[in-house]
Amino acid sequence: MRTPFMTAFALAGWVCCGTANAIDISVVSPIANVQIGDVVDVDLVVSGLGDGVAPSLGAYDVDLNFDAGVLSLVGVGFGAGLDIFDFGSIQTATPGPGTVNLYEVSLDLADDLDASQPGSFSLATLTFQVLAGGTSALDLSVNAFADSMGENLADNLLVNNGSVTAVPEPSSALLMLLGLLPVGLVARRFRRV
């Protein structure tokens with residue numbers, strides 16, 4: 001017979017253990033507004049993996065969607081988290097209009113990944129050039145996310161999207177007028193004297 005205490009204890013254990021195994025993948029974008037013409041880096045960071053223990057990440061396939069009217073992809077650099085012992089990894093970055101697909105599979109042994117991969121690291125850094133004013137959402141969709149043995153980790157995955165907000169630079173005519181304002185105030189003052 002189950003008592004209310006046993007039910008509460010089981011529920012607390014389920015909540016505690018269910019959330020402790022959550023793995024996050026976050027789109028880390030600039031916090032402050034950027035200017036048109038700026039180049040900005042956006043990191044894809046995974047956290048919540050085992051730190052030197054399973055689960056470790058062995059492969060992923062994700063799409064990052066962005067507003068192509070605001071941002072233009074300039075380059076992609078993959079992190080070293082899936083290449084612990086310099087055996088390499090299979091990496092592809094496939095850009096499209098307003099999207100880029102990132103795919104990586106580690107060539108390290110499963111035991112090596114489990115024992116040596118940190119619990120949090122950068123999957124990739126994407127470099128964008130800001131084309132126009134406005135806000136571009138950075139929405140990540142996960143196609144596959146697997147541990148060192150190829151088992152699915154996507155069921156425990158939390159995705160934290162980001163955004164980039166670009167503000168237009170003041171026009172040169174406006175800047176010139178602002179620069180001449182003190183000169184006009186001084187000239188007006190001398191006319192009164």
# chains A, B, ... in the order shown; residues from 1 in each chain; ligands from 1

$ closest_atom_pairs --of "stretch 61-92 of chain A" --to "stretch 118-131 of chain A" --cutoff "10 Å" --atoms "only C-alpha atoms" --output "Markdown table"
| residue | atom | partner | partner_atom | distance |
| --- | --- | --- | --- | --- |
| A:Leu64 | CA | A:Leu126 | CA | 9.7 |
| A:Ala68 | CA | A:Leu131 | CA | 8.5 |
| A:Gly69 | CA | A:Leu131 | CA | 6.8 |
| A:Val70 | CA | A:Leu131 | CA | 5.0 |
| A:Leu71 | CA | A:Val130 | CA | 4.8 |
| A:Ser72 | CA | A:Gln129 | CA | 5.2 |
| A:Leu73 | CA | A:Phe128 | CA | 4.5 |
| A:Val74 | CA | A:Phe128 | CA | 5.2 |
| A:Gly75 | CA | A:Thr127 | CA | 5.1 |
| A:Val76 | CA | A:Leu126 | CA | 4.6 |
| A:Gly77 | CA | A:Thr125 | CA | 5.2 |
| A:Phe78 | CA | A:Ala124 | CA | 4.2 |
| A:Gly79 | CA | A:Leu123 | CA | 4.9 |
| A:Ala80 | CA | A:Leu123 | CA | 7.5 |
| A:Gly81 | CA | A:Phe121 | CA | 6.2 |
| A:Leu82 | CA | A:Leu123 | CA | 8.1 |
| A:Ile84 | CA | A:Pro118 | CA | 9.6 |

$ write_last_selection --atoms "N, CA and C atoms" --output "short mmCIF file (atom, residue, chain, number, x, y, z; two decimals), in the first residue's frame"
data_model
loop_
_atom_site.label_atom_id
_atom_site.label_comp_id
_atom_site.auth_asym_id
_atom_site.auth_seq_id
_atom_site.Cartn_x
_atom_site.Cartn_y
_atom_site.Cartn_z
N LEU A 64 20.79 26.37 -37.73
CA LEU A 64 20.61 27.68 -37.12
C LEU A 64 19.96 28.58 -38.16
N ALA A 68 18.18 36.76 -43.03
CA ALA A 68 19.20 37.08 -44.03
C ALA A 68 19.16 38.54 -44.45
N GLY A 69 18.10 39.27 -44.10
CA GLY A 69 18.05 40.70 -44.39
C GLY A 69 18.83 41.51 -43.37
N VAL A 70 19.10 40.92 -42.20
CA VAL A 70 19.83 41.61 -41.13
C VAL A 70 21.25 41.09 -41.00
N LEU A 71 21.44 39.78 -41.18
CA LEU A 71 22.75 39.15 -40.98
C LEU A 71 23.20 38.38 -42.21
N SER A 72 24.51 38.33 -42.41
CA SER A 72 25.11 37.52 -43.47
C SER A 72 26.19 36.65 -42.83
N LEU A 73 26.13 35.35 -43.05
CA LEU A 73 27.12 34.43 -42.49
C LEU A 73 28.46 34.65 -43.17
N VAL A 74 29.51 34.87 -42.37
CA VAL A 74 30.86 35.10 -42.89
C VAL A 74 31.73 33.86 -42.72
N GLY A 75 31.57 33.15 -41.60
CA GLY A 75 32.40 31.97 -41.38
C GLY A 75 31.93 31.14 -40.20
N VAL A 76 32.46 29.91 -40.11
CA VAL A 76 32.13 28.99 -39.03
C VAL A 76 33.43 28.35 -38.55
N GLY A 77 33.60 28.33 -37.24
CA GLY A 77 34.73 27.63 -36.63
C GLY A 77 34.20 26.60 -35.65
N PHE A 78 34.60 25.36 -35.80
CA PHE A 78 34.13 24.30 -34.91
C PHE A 78 34.99 24.26 -33.65
N GLY A 79 34.37 23.92 -32.52
CA GLY A 79 35.09 23.79 -31.26
C GLY A 79 35.86 22.47 -31.21
N ALA A 80 36.61 22.27 -30.11
CA ALA A 80 37.45 21.09 -29.99
C ALA A 80 36.82 20.01 -29.10
N GLY A 81 35.58 20.19 -28.66
CA GLY A 81 34.96 19.26 -27.73
C GLY A 81 34.75 17.85 -28.25
N LEU A 82 34.64 17.70 -29.57
CA LEU A 82 34.45 16.37 -30.14
C LEU A 82 35.76 15.80 -30.70
N ILE A 84 38.94 15.30 -28.79
CA ILE A 84 39.70 15.35 -27.54
C ILE A 84 41.18 15.01 -27.75
#

$ residues_around --residues "stretch 85-98 of chain A" --least-positions-apart "5" --cutoff "6 Å" --atoms "only C-alpha atoms" --output "VMD selection string"
chain A and resid 65 to 68 103 to 107

$ closest_atom_pairs --of "stretch 95-186 of chain A" --to "stretch 34-37 of chain A" --cutoff "12 Å" --atoms "only C-alpha atoms" --output "tab-separated table"
residue	atom	partner	partner_atom	distance
A:Phe128	CA	A:Gly37	CA	9.8
A:Gln129	CA	A:Gly37	CA	6.2
A:Val130	CA	A:Gly37	CA	5.1
A:Leu131	CA	A:Ile36	CA	5.7
A:Ala132	CA	A:Ile36	CA	5.5
A:Gly133	CA	A:Ile36	CA	6.4
A:Gly134	CA	A:Ile36	CA	9.5
A:Thr135	CA	A:Val34	CA	10.1
A:Ser136	CA	A:Val34	CA	11.6
A:Ser163	CA	A:Val34	CA	11.3
A:Val164	CA	A:Val34	CA	7.6
A:Thr165	CA	A:Val34	CA	6.4
A:Ala166	CA	A:Val34	CA	4.7
A:Val167	CA	A:Gln35	CA	5.4
A:Pro168	CA	A:Ile36	CA	5.8
A:Glu169	CA	A:Gln35	CA	6.2
A:Pro170	CA	A:Gln35	CA	9.8
A:Ser171	CA	A:Ile36	CA	11.6

$ write_last_selection --atoms "N, CA and C atoms" --output "PDB file, in the first residue's frame"
ATOM      1  N   PHE A 128      29.020  36.489 -38.165  1.00  0.00           N
ATOM      2  CA  PHE A 128      28.064  37.162 -39.041  1.00  0.00           C
ATOM      3  C   PHE A 128      28.475  38.607 -39.255  1.00  0.00           C
ATOM      4  N   GLN A 129      28.131  39.150 -40.424  1.00  0.00           N
ATOM      5  CA  GLN A 129      28.243  40.582 -40.656  1.00  0.00           C
ATOM      6  C   GLN A 129      26.836  41.160 -40.595  1.00  0.00           C
ATOM      7  N   VAL A 130      26.710  42.307 -39.920  1.00  0.00           N
ATOM      8  CA  VAL A 130      25.414  42.963 -39.776  1.00  0.00           C
ATOM      9  C   VAL A 130      25.154  43.793 -41.032  1.00  0.00           C
ATOM     10  N   LEU A 131      24.052  43.494 -41.720  1.00  0.00           N
ATOM     11  CA  LEU A 131      23.725  44.144 -42.996  1.00  0.00           C
ATOM     12  C   LEU A 131      22.783  45.332 -42.845  1.00  0.00           C
ATOM     13  N   ALA A 132      21.853  45.256 -41.890  1.00  0.00           N
ATOM     14  CA  ALA A 132      20.807  46.269 -41.775  1.00  0.00           C
ATOM     15  C   ALA A 132      20.336  46.343 -40.330  1.00  0.00           C
ATOM     16  N   GLY A 133      19.614  47.421 -40.030  1.00  0.00           N
ATOM     17  CA  GLY A 133      19.047  47.563 -38.703  1.00  0.00           C
ATOM     18  C   GLY A 133      17.891  46.599 -38.504  1.00  0.00           C
ATOM     19  N   GLY A 134      17.631  46.273 -37.254  1.00  0.00           N
ATOM     20  CA  GLY A 134      16.537  45.370 -36.925  1.00  0.00           C
ATOM     21  C   GLY A 134      17.020  44.258 -36.017  1.00  0.00           C
ATOM     22  N   THR A 135      16.127  43.339 -35.717  1.00  0.00           N
ATOM     23  CA  THR A 135      16.455  42.210 -34.860  1.00  0.00           C
ATOM     24  C   THR A 135      16.330  40.920 -35.644  1.00  0.00           C
ATOM     25  N   SER A 136      17.360  40.097 -35.551  1.00  0.00           N
ATOM     26  CA  SER A 136      17.325  38.774 -36.176  1.00  0.00           C
ATOM     27  C   SER A 136      17.262  37.744 -35.064  1.00  0.00           C
ATOM     28  N   SER A 163      19.350  36.087 -30.195  1.00  0.00           N
ATOM     29  CA  SER A 163      19.007  37.085 -31.203  1.00  0.00           C
ATOM     30  C   SER A 163      20.129  38.115 -31.297  1.00  0.00           C
ATOM     31  N   VAL A 164      20.143  38.832 -32.401  1.00  0.00           N
ATOM     32  CA  VAL A 164      21.071  39.942 -32.602  1.00  0.00           C
ATOM     33  C   VAL A 164      20.235  41.147 -32.986  1.00  0.00           C
ATOM     34  N   THR A 165      20.433  42.259 -32.274  1.00  0.00           N
ATOM     35  CA  THR A 165      19.728  43.503 -32.587  1.00  0.00           C
ATOM     36  C   THR A 165      20.734  44.522 -33.103  1.00  0.00           C
ATOM     37  N   ALA A 166      20.472  45.017 -34.309  1.00  0.00           N
ATOM     38  CA  ALA A 166      21.343  46.004 -34.936  1.00  0.00           C
ATOM     39  C   ALA A 166      20.626  47.345 -34.990  1.00  0.00           C
ATOM     40  N   VAL A 167      21.331  48.373 -34.570  1.00  0.00           N
ATOM     41  CA  VAL A 167      20.780  49.723 -34.647  1.00  0.00           C
ATOM     42  C   VAL A 167      21.524  50.469 -35.742  1.00  0.00           C
ATOM     43  N   PRO A 168      20.814  51.262 -36.543  1.00  0.00           N
ATOM     44  CA  PRO A 168      21.495  51.988 -37.610  1.00  0.00           C
ATOM     45  C   PRO A 168      22.411  53.060 -37.033  1.00  0.00           C
ATOM     46  N   GLU A 169      23.541  53.259 -37.698  1.00  0.00           N
ATOM     47  CA  GLU A 169      24.449  54.327 -37.293  1.00  0.00           C
ATOM     48  C   GLU A 169      23.818  55.665 -37.656  1.00  0.00           C
ATOM     49  N   PRO A 170      24.091  56.700 -36.863  1.00  0.00           N
ATOM     50  CA  PRO A 170      23.577  58.012 -37.247  1.00  0.00           C
ATOM     51  C   PRO A 170      24.182  58.434 -38.579  1.00  0.00           C
ATOM     52  N   SER A 171      23.396  59.098 -39.392  1.00  0.00           N
ATOM     53  CA  SER A 171      23.901  59.517 -40.693  1.00  0.00           C
ATOM     54  C   SER A 171      24.966  60.592 -40.520  1.00  0.00           C
TER      55      SER A 171
END

$ closest_residue --among "A:Leu44, A:Leu57, A:Val27, A:Ala154" --to "A:Asp112" --atoms "only C-alpha atoms"
A:Leu57

$ select_by_dssp --residues "stretch 28-59 of chain A" --states "strand (DSSP E or B)" --output "list in words"
Val28, Val34, Gln35, Val39, Val40, Asp41, Val42, Asp43, Leu44, Val45, Val46, Ser47, Leu57, Gly58 and Ala59 of chain A

$ write_last_selection --atoms "N, CA and C atoms" --output "PDB file, in the first residue's frame"
ATOM      1  N   VAL A  28      24.557  31.689 -27.899  1.00  0.00           N
ATOM      2  CA  VAL A  28      25.080  32.807 -27.124  1.00  0.00           C
ATOM      3  C   VAL A  28      25.441  33.926 -28.095  1.00  0.00           C
ATOM      4  N   VAL A  34      24.341  46.047 -31.755  1.00  0.00           N
ATOM      5  CA  VAL A  34      25.485  46.189 -32.643  1.00  0.00           C
ATOM      6  C   VAL A  34      25.139  47.177 -33.749  1.00  0.00           C
ATOM      7  N   GLN A  35      26.158  47.635 -34.448  1.00  0.00           N
ATOM      8  CA  GLN A  35      25.977  48.620 -35.516  1.00  0.00           C
ATOM      9  C   GLN A  35      25.974  47.925 -36.880  1.00  0.00           C
ATOM     10  N   VAL A  39      30.954  43.063 -37.363  1.00  0.00           N
ATOM     11  CA  VAL A  39      31.087  41.613 -37.451  1.00  0.00           C
ATOM     12  C   VAL A  39      30.901  41.082 -36.038  1.00  0.00           C
ATOM     13  N   VAL A  40      29.997  40.118 -35.868  1.00  0.00           N
ATOM     14  CA  VAL A  40      29.682  39.580 -34.542  1.00  0.00           C
ATOM     15  C   VAL A  40      29.852  38.068 -34.535  1.00  0.00           C
ATOM     16  N   ASP A  41      30.282  37.557 -33.382  1.00  0.00           N
ATOM     17  CA  ASP A  41      30.413  36.115 -33.189  1.00  0.00           C
ATOM     18  C   ASP A  41      29.255  35.602 -32.356  1.00  0.00           C
ATOM     19  N   VAL A  42      28.730  34.462 -32.761  1.00  0.00           N
ATOM     20  CA  VAL A  42      27.651  33.779 -32.050  1.00  0.00           C
ATOM     21  C   VAL A  42      28.148  32.375 -31.732  1.00  0.00           C
ATOM     22  N   ASP A  43      28.110  31.997 -30.455  1.00  0.00           N
ATOM     23  CA  ASP A  43      28.589  30.677 -30.037  1.00  0.00           C
ATOM     24  C   ASP A  43      27.419  29.729 -29.800  1.00  0.00           C
ATOM     25  N   LEU A  44      27.611  28.484 -30.176  1.00  0.00           N
ATOM     26  CA  LEU A  44      26.693  27.409 -29.812  1.00  0.00           C
ATOM     27  C   LEU A  44      27.383  26.639 -28.690  1.00  0.00           C
ATOM     28  N   VAL A  45      26.805  26.683 -27.500  1.00  0.00           N
ATOM     29  CA  VAL A  45      27.428  26.099 -26.317  1.00  0.00           C
ATOM     30  C   VAL A  45      26.544  24.985 -25.777  1.00  0.00           C
ATOM     31  N   VAL A  46      27.145  23.827 -25.531  1.00  0.00           N
ATOM     32  CA  VAL A  46      26.443  22.704 -24.916  1.00  0.00           C
ATOM     33  C   VAL A  46      26.892  22.608 -23.467  1.00  0.00           C
ATOM     34  N   SER A  47      25.947  22.328 -22.568  1.00  0.00           N
ATOM     35  CA  SER A  47      26.267  22.144 -21.155  1.00  0.00           C
ATOM     36  C   SER A  47      25.339  21.072 -20.583  1.00  0.00           C
ATOM     37  N   LEU A  57      29.169  13.846 -25.663  1.00  0.00           N
ATOM     38  CA  LEU A  57      28.584  14.089 -26.984  1.00  0.00           C
ATOM     39  C   LEU A  57      29.496  13.493 -28.045  1.00  0.00           C
ATOM     40  N   GLY A  58      28.930  12.664 -28.926  1.00  0.00           N
ATOM     41  CA  GLY A  58      29.698  12.043 -29.995  1.00  0.00           C
ATOM     42  C   GLY A  58      29.359  12.573 -31.374  1.00  0.00           C
ATOM     43  N   ALA A  59      28.137  13.117 -31.537  1.00  0.00           N
ATOM     44  CA  ALA A  59      27.721  13.612 -32.850  1.00  0.00           C
ATOM     45  C   ALA A  59      26.532  14.550 -32.691  1.00  0.00           C
TER      46      ALA A  59
END

$ atom_distance --atom1 "atom CA of A:Ala137" --atom2 "atom CA of A:Ser56"
28.7 Å

$ atom_distance --atom1 "atom CA of A:Asn143" --atom2 "atom CA of A:Ala22"
17.4 Å

$ select_by_dssp --residues "stretch 104-169 of chain A" --states "helix (DSSP H, G or I)" --output "PyMOL selection string"
chain A and resi 110-116+154-156

$ atom_distance --atom1 "atom CA of A:Ala115" --atom2 "atom CA of A:Ala54"
7.4 Å
